[in-house]
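Since the structure comes first, as structure tokens, the remarks are kept for the end.
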Amino acid sequence: MQRAIESVGISTIIIAALPPVVRQQGSPRAVAPHVPMGANAGEPHNVEMQTAIVKAALIAITEMDSPGIIKSLPYEYNAKV
Amino acid sequence: MKLTTTNHLKSEIYMPITPKPVWTPLEKPLSECKVGFASACGAHLKVQKPFATAGDSSWREIPKTVTPEELMVTHGGYDNSDVNRDINCMFPYQRLIELENEGFIKEFADINVGFMGGGGIEEEFKNVTGPAIAKIMKEQNCDIVVLTAG
């Protein structure tokens, strides 16, 4: 999906919980906060964390200068199961 | 050590090959960019048809004007409990509206997209779903698309 959008001339970034999958699939740009699948953009109702993750993803687009980079983000959330 | 013992021997184990890179450089500052959002989390409006959890390559257009109460997810491939508490965990559209309001980005797209990743017919995703969602974003003149998946 990301590749399809990137290939029509739009810069894309994916916020991923599973960076190895994203790498294998050939993602052009990715950020990876320390979150479980299902909370990629951060803890439920934690507006501060969600904003920081979305902002960091946008800023990463301006910083990444070649395809295939996955940047770890310093935000962590562990779901209580 | 010689690694190849028999020429042209094909592995019985399917090994997906990472495709060739695709790349569109960003030419503008973020404050001048229109940003769209798409997610493989299975988000849709409650009034829209839910995804088939065993595999579904269709997509749903989600206007940015909806309230969180009008949204839900249908996805059989991950624990939905966080996203049921707060749709922004996977579909952070309210955060993108705030970033538009504070001028961090120029504009958040009016129409964003939910689809169901992690299943379905790969060829259909590649040849139909991907290009269709790309077209929705292109027609809105998005400079950037943020995704959540994987």
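Letters A, B, ... go to the chains of the structure tokens in the order shown; residues in each chain start at 1; ligands are counted from 1 in the same order.
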Where does chain B meet chain A within 8 Å, residue by residue, with the nearest atom pair and distance in Å to one decimal for each, counting only C-alpha atoms, listed by chain and rising number, as a tab-separated table?
```
residue	atom	partner	partner_atom	distance
B:Pro16	CA	A:Gln24	CA	7.8
B:Ile17	CA	A:Gln24	CA	7.4
B:Thr18	CA	A:Gln24	CA	5.2
B:Pro19	CA	A:Gly26	CA	5.6
B:Lys20	CA	A:Gly26	CA	7.1
B:Pro21	CA	A:Pro67	CA	6.2
B:Val22	CA	A:Pro28	CA	6.1
B:Trp23	CA	A:Pro28	CA	6.2
B:Thr24	CA	A:Ser11	CA	5.1
B:Pro25	CA	A:Ser11	CA	6.2
B:Leu26	CA	A:Ser11	CA	5.9
B:Pro29	CA	A:Thr62	CA	7.7
B:Leu30	CA	A:Leu58	CA	7.5
B:Cys41	CA	A:Gly38	CA	7.4
B:Tyr78	CA	A:Gly38	CA	6.4
B:Asp79	CA	A:Gly38	CA	6.3
B:Asn80	CA	A:Gly38	CA	6.3
B:Asp82	CA	A:Pro44	CA	6.0
B:Val83	CA	A:Gly38	CA	6.4
B:Arg85	CA	A:Pro44	CA	6.3
B:Asp86	CA	A:Pro44	CA	5.1
B:Ile87	CA	A:Pro44	CA	7.9
B:Asn88	CA	A:Ala41	CA	7.0
B:Cys89	CA	A:Ala39	CA	4.6
B:Met90	CA	A:Ala41	CA	5.5
B:Phe91	CA	A:Ala41	CA	7.6
B:Pro92	CA	A:Ala41	CA	6.6
B:Arg95	CA	A:Thr51	CA	5.7
B:Leu96	CA	A:Val54	CA	7.7
B:Phe125	CA	A:Met1	CA	7.4
B:Lys126	CA	A:Met1	CA	7.2
B:Thr129	CA	A:Met1	CA	7.7
B:Gly130	CA	A:Met1	CA	4.8
B:Pro131	CA	A:Ala4	CA	5.8
B:Ile133	CA	A:Ile5	CA	7.3
B:Ala134	CA	A:Ile5	CA	4.4
B:Lys135	CA	A:Ile5	CA	8.0
B:Met137	CA	A:Ile5	CA	7.7
B:Lys138	CA	A:Val8	CA	7.3
B:Cys142	CA	A:Ile10	CA	6.8
B:Asp143	CA	A:Ile10	CA	5.3
B:Ile144	CA	A:Ser11	CA	4.8
B:Val145	CA	A:Thr12	CA	4.8
B:Val146	CA	A:Ile13	CA	5.1
B:Leu147	CA	A:Ile14	CA	4.5
B:Thr148	CA	A:Ile15	CA	4.8
B:Ala149	CA	A:Ala16	CA	5.6
B:Gly150	CA	A:Leu18	CA	5.1
```
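Considering only chain A, backbone DSSP assigns alpha helix (DSSP H) to Gln2, Arg3, Ala4, Ile5, Glu6, Pro19, Pro20, Val21, Val22, Arg23, Gln24, Val47, Glu48, Met49, Gln50, Thr51, Ala52, Ile53, Val54, Lys55, Ala56, Ala57, Leu58, Ile59, Ala60, Ile61, Thr62 and Glu63 of chain A.
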Take the residues just selected and output them with C-alpha atoms as an mmCIF file, in the first residue's frame.
```cif
data_model
loop_
_atom_site.group_PDB
_atom_site.id
_atom_site.type_symbol
_atom_site.label_atom_id
_atom_site.label_comp_id
_atom_site.auth_asym_id
_atom_site.auth_seq_id
_atom_site.Cartn_x
_atom_site.Cartn_y
_atom_site.Cartn_z
ATOM 1 C CA GLN A 2 2.686 2.439 1.034
ATOM 2 C CA ARG A 3 4.655 1.574 -2.089
ATOM 3 C CA ALA A 4 1.605 2.111 -4.318
ATOM 4 C CA ILE A 5 1.095 5.594 -2.870
ATOM 5 C CA GLU A 6 4.807 6.472 -3.028
ATOM 6 C CA PRO A 19 9.724 -3.246 11.794
ATOM 7 C CA PRO A 20 11.089 -6.534 10.343
ATOM 8 C CA VAL A 21 7.860 -7.047 8.376
ATOM 9 C CA VAL A 22 8.009 -3.497 7.077
ATOM 10 C CA ARG A 23 11.637 -3.974 6.007
ATOM 11 C CA GLN A 24 10.859 -7.198 4.174
ATOM 12 C CA VAL A 47 -2.770 12.548 23.383
ATOM 13 C CA GLU A 48 0.756 13.657 24.214
ATOM 14 C CA MET A 49 2.301 10.345 23.087
ATOM 15 C CA GLN A 50 0.141 10.095 19.968
ATOM 16 C CA THR A 51 0.997 13.654 18.940
ATOM 17 C CA ALA A 52 4.704 13.014 19.512
ATOM 18 C CA ILE A 53 4.627 9.837 17.396
ATOM 19 C CA VAL A 54 2.713 11.434 14.504
ATOM 20 C CA LYS A 55 4.961 14.521 14.613
ATOM 21 C CA ALA A 56 8.112 12.374 14.708
ATOM 22 C CA ALA A 57 6.844 10.414 11.694
ATOM 23 C CA LEU A 58 6.312 13.640 9.733
ATOM 24 C CA ILE A 59 9.703 15.049 10.735
ATOM 25 C CA ALA A 60 11.372 11.763 9.753
ATOM 26 C CA ILE A 61 10.147 12.270 6.162
ATOM 27 C CA THR A 62 12.181 15.469 6.002
ATOM 28 C CA GLU A 63 15.281 13.735 7.391
#
```
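One finds atom CA of Gly103 of chain B at 16.7 Å from atom CA of Lys64 of chain B.
Those residues in segment 3-79 of chain A carrying a DSSP assignment of strand (DSSP E), computed from the backbone, are Ser11, Thr12, Ile13, Ile14, Ile15, Arg29, Ala30, Val31, Ala32, Pro33, His34, Ile69, Ile70, Lys71, Ser72, Leu73, Pro74, Tyr75 and Glu76 of chain A.
With only C-alpha atoms as the basis for measurement, B:His75 is the residue among B:Glu123, B:Phe104, B:Leu3, B:His75 that approaches Phe51 of chain B most closely.
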